[in-house]
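Below you'll find the structure, written out as structure tokens, and then a few comments.
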Amino acid sequence: MAEIADHLGFDVEALRGKNRQRPLVQARQTAMYVFRELTDLSYPAIARLFGGRDHTTVIHAVDKTQRMMSERKQVYDQVTELVQKCKTS
């Protein structure tokens, strides 16, 4: 999680925290998406990693990130780069 947080420009505690500022929320959603893509963790397990959130929050984050990736090439490129970076480390 530290590598993802660093790449997104936040610390791990911020991603796990309750802050709802837009840039942080988007980073948190992206991180949840990456966890879902690269691990076999369930939605509830990912939710626990992110401060004990509800599993439906993770479902929403994954869906929203996928939607944003399909609508905006810049988002697609950024998320794809992060996924590839995590795969190689």
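We label chains A, B, ... in the order they appear in the structure tokens, count residues from 1 in each chain, and number ligands from 1 in the order shown.
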
Quick one: residues within 12 Å of Ser89 of chain A, only C-alpha atoms, excluding same-chain residues fewer than 6 positions away - as a PDB file with N, CA and C atoms, in the first residue's frame?
```
ATOM      1  N   MET A   1       0.819  -1.190   0.000  1.00  0.00           N
ATOM      2  CA  MET A   1       0.000   0.000   0.000  1.00  0.00           C
ATOM      3  C   MET A   1       0.867   1.260   0.000  1.00  0.00           C
ATOM      4  N   ALA A   2       2.042   1.180   0.598  1.00  0.00           N
ATOM      5  CA  ALA A   2       2.925   2.347   0.672  1.00  0.00           C
ATOM      6  C   ALA A   2       3.337   2.817  -0.721  1.00  0.00           C
ATOM      7  N   GLU A   3       3.625   1.877  -1.608  1.00  0.00           N
ATOM      8  CA  GLU A   3       4.032   2.250  -2.965  1.00  0.00           C
ATOM      9  C   GLU A   3       2.885   2.936  -3.708  1.00  0.00           C
ATOM     10  N   ILE A   4       1.687   2.424  -3.529  1.00  0.00           N
ATOM     11  CA  ILE A   4       0.516   3.030  -4.169  1.00  0.00           C
ATOM     12  C   ILE A   4       0.298   4.438  -3.623  1.00  0.00           C
ATOM     13  N   LEU A  38      -4.988  -6.398  -8.573  1.00  0.00           N
ATOM     14  CA  LEU A  38      -3.719  -7.109  -8.396  1.00  0.00           C
ATOM     15  C   LEU A  38      -3.729  -8.181  -7.312  1.00  0.00           C
ATOM     16  N   LEU A  82       0.162   2.925 -12.851  1.00  0.00           N
ATOM     17  CA  LEU A  82       0.268   2.507 -11.452  1.00  0.00           C
ATOM     18  C   LEU A  82       0.159   0.989 -11.322  1.00  0.00           C
ATOM     19  N   VAL A  83      -0.774   0.389 -12.026  1.00  0.00           N
ATOM     20  CA  VAL A  83      -0.935  -1.069 -11.979  1.00  0.00           C
ATOM     21  C   VAL A  83       0.340  -1.746 -12.475  1.00  0.00           C
TER      22      VAL A  83
END
```

Considering only C-alpha atoms, return as number ranges by chain whatever protein or nucleic-acid residues lie within 7 Å of segment 17-31 of chain A, sequence-local ones (same chain, fewer than 6 positions apart) excluded. A: 4, 8, 51, 61-62, 65

How about saving the chosen residues, C-alpha atoms kept, as a JSON list (two decimals), in the first residue's frame?
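Output contents, as saved in part-v3.json:
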```
[["chain", "number", "residue", "atom", "x", "y", "z"],
["A", 4, "ILE", "CA", 0.52, 3.03, -4.17],
["A", 8, "LEU", "CA", -0.63, 8.92, -5.71],
["A", 51, "GLY", "CA", -9.82, 1.84, 7.67],
["A", 61, "ALA", "CA", -14.66, 2.76, -5.88],
["A", 62, "VAL", "CA", -13.87, -0.01, -8.37],
["A", 65, "THR", "CA", -12.55, 4.06, -11.35]]
```

Report as an NGL selection string all protein, DNA and RNA residues lying within 8 Å of Asp54 of chain A, evaluated on only C-alpha atoms, omitting residues in the same chain fewer than 5 positions from it. :A and (44 or 47-48)

Writing out the chosen residues with N, CA and C atoms as a compact mmCIF listing (two decimals), in the first residue's frame:
```txt
# COMPACT_ATOMS: atom_id res chain seq x y z
N PRO A 44 -14.72 -7.13 1.16
CA PRO A 44 -14.62 -6.85 2.60
C PRO A 44 -13.17 -6.78 3.09
N ALA A 47 -11.80 -3.48 2.09
CA ALA A 47 -12.43 -2.45 2.93
C ALA A 47 -11.75 -2.37 4.30
N ARG A 48 -11.39 -3.51 4.86
CA ARG A 48 -10.70 -3.51 6.16
C ARG A 48 -9.33 -2.85 6.06
```

Between atom CA of Gln84 of chain A and atom CA of Met32 of chain A - distance in Å to one decimal: 15.2 Å

Please return as a PDB file with C-alpha atoms, in the first residue's frame: the residues of segment 4-81 of chain A that backbone DSSP assigns to helix (DSSP H, G or I).
```
ATOM      1  CA  ILE A   4       0.516   3.030  -4.169  1.00  0.00           C
ATOM      2  CA  ALA A   5       0.152   5.872  -1.666  1.00  0.00           C
ATOM      3  CA  ASP A   6       3.514   7.314  -2.662  1.00  0.00           C
ATOM      4  CA  HIS A   7       2.676   7.148  -6.365  1.00  0.00           C
ATOM      5  CA  LEU A   8      -0.632   8.924  -5.715  1.00  0.00           C
ATOM      6  CA  VAL A  12      -0.873   5.473   3.828  1.00  0.00           C
ATOM      7  CA  GLU A  13      -2.669   6.960   6.825  1.00  0.00           C
ATOM      8  CA  ALA A  14      -4.377   9.512   4.586  1.00  0.00           C
ATOM      9  CA  LEU A  15      -5.671   6.723   2.324  1.00  0.00           C
ATOM     10  CA  ARG A  16      -6.963   4.855   5.359  1.00  0.00           C
ATOM     11  CA  ARG A  22     -11.872  15.272  -3.565  1.00  0.00           C
ATOM     12  CA  PRO A  23      -8.207  14.609  -4.466  1.00  0.00           C
ATOM     13  CA  LEU A  24      -7.858  12.235  -1.529  1.00  0.00           C
ATOM     14  CA  VAL A  25     -11.132  10.450  -2.261  1.00  0.00           C
ATOM     15  CA  GLN A  26     -10.080   9.919  -5.880  1.00  0.00           C
ATOM     16  CA  ALA A  27      -6.687   8.600  -4.783  1.00  0.00           C
ATOM     17  CA  ARG A  28      -8.348   6.264  -2.277  1.00  0.00           C
ATOM     18  CA  GLN A  29     -10.726   4.967  -4.950  1.00  0.00           C
ATOM     19  CA  THR A  30      -7.838   4.395  -7.332  1.00  0.00           C
ATOM     20  CA  ALA A  31      -5.915   2.521  -4.648  1.00  0.00           C
ATOM     21  CA  MET A  32      -8.934   0.297  -3.954  1.00  0.00           C
ATOM     22  CA  TYR A  33      -9.192  -0.431  -7.677  1.00  0.00           C
ATOM     23  CA  VAL A  34      -5.505  -1.378  -7.839  1.00  0.00           C
ATOM     24  CA  PHE A  35      -5.883  -3.726  -4.867  1.00  0.00           C
ATOM     25  CA  ARG A  36      -8.852  -5.393  -6.536  1.00  0.00           C
ATOM     26  CA  GLU A  37      -6.965  -5.764  -9.828  1.00  0.00           C
ATOM     27  CA  LEU A  38      -3.719  -7.109  -8.396  1.00  0.00           C
ATOM     28  CA  TYR A  43     -14.250  -6.553  -1.213  1.00  0.00           C
ATOM     29  CA  PRO A  44     -14.620  -6.846   2.598  1.00  0.00           C
ATOM     30  CA  ALA A  45     -10.886  -7.586   2.976  1.00  0.00           C
ATOM     31  CA  ILE A  46      -9.953  -4.525   0.928  1.00  0.00           C
ATOM     32  CA  ALA A  47     -12.432  -2.455   2.934  1.00  0.00           C
ATOM     33  CA  ARG A  48     -10.700  -3.514   6.163  1.00  0.00           C
ATOM     34  CA  LEU A  49      -7.334  -2.404   4.750  1.00  0.00           C
ATOM     35  CA  HIS A  55     -17.408  -3.464   1.313  1.00  0.00           C
ATOM     36  CA  THR A  56     -19.929  -1.505  -0.768  1.00  0.00           C
ATOM     37  CA  THR A  57     -17.538   1.458  -0.625  1.00  0.00           C
ATOM     38  CA  VAL A  58     -14.930  -0.683  -2.378  1.00  0.00           C
ATOM     39  CA  ILE A  59     -17.456  -1.850  -4.965  1.00  0.00           C
ATOM     40  CA  HIS A  60     -18.350   1.790  -5.663  1.00  0.00           C
ATOM     41  CA  ALA A  61     -14.661   2.760  -5.877  1.00  0.00           C
ATOM     42  CA  VAL A  62     -13.868  -0.007  -8.366  1.00  0.00           C
ATOM     43  CA  ASP A  63     -16.918   0.785 -10.500  1.00  0.00           C
ATOM     44  CA  LYS A  64     -16.215   4.519 -10.476  1.00  0.00           C
ATOM     45  CA  THR A  65     -12.552   4.059 -11.351  1.00  0.00           C
ATOM     46  CA  GLN A  66     -13.451   1.752 -14.239  1.00  0.00           C
ATOM     47  CA  ARG A  67     -15.998   4.285 -15.476  1.00  0.00           C
ATOM     48  CA  MET A  68     -13.497   7.160 -15.223  1.00  0.00           C
ATOM     49  CA  MET A  69     -10.892   5.088 -17.069  1.00  0.00           C
ATOM     50  CA  SER A  70     -13.310   4.486 -19.934  1.00  0.00           C
ATOM     51  CA  GLU A  71     -14.277   8.169 -20.118  1.00  0.00           C
ATOM     52  CA  LYS A  73      -7.679   8.708 -21.374  1.00  0.00           C
ATOM     53  CA  GLN A  74      -5.557  10.590 -18.830  1.00  0.00           C
ATOM     54  CA  VAL A  75      -7.132   8.630 -15.973  1.00  0.00           C
ATOM     55  CA  TYR A  76      -6.728   5.395 -17.929  1.00  0.00           C
ATOM     56  CA  ASP A  77      -3.046   6.131 -18.519  1.00  0.00           C
ATOM     57  CA  GLN A  78      -2.386   7.056 -14.878  1.00  0.00           C
ATOM     58  CA  VAL A  79      -4.136   4.008 -13.445  1.00  0.00           C
ATOM     59  CA  THR A  80      -2.564   1.654 -15.986  1.00  0.00           C
ATOM     60  CA  GLU A  81       0.875   3.055 -15.168  1.00  0.00           C
TER      61      GLU A  81
END
```
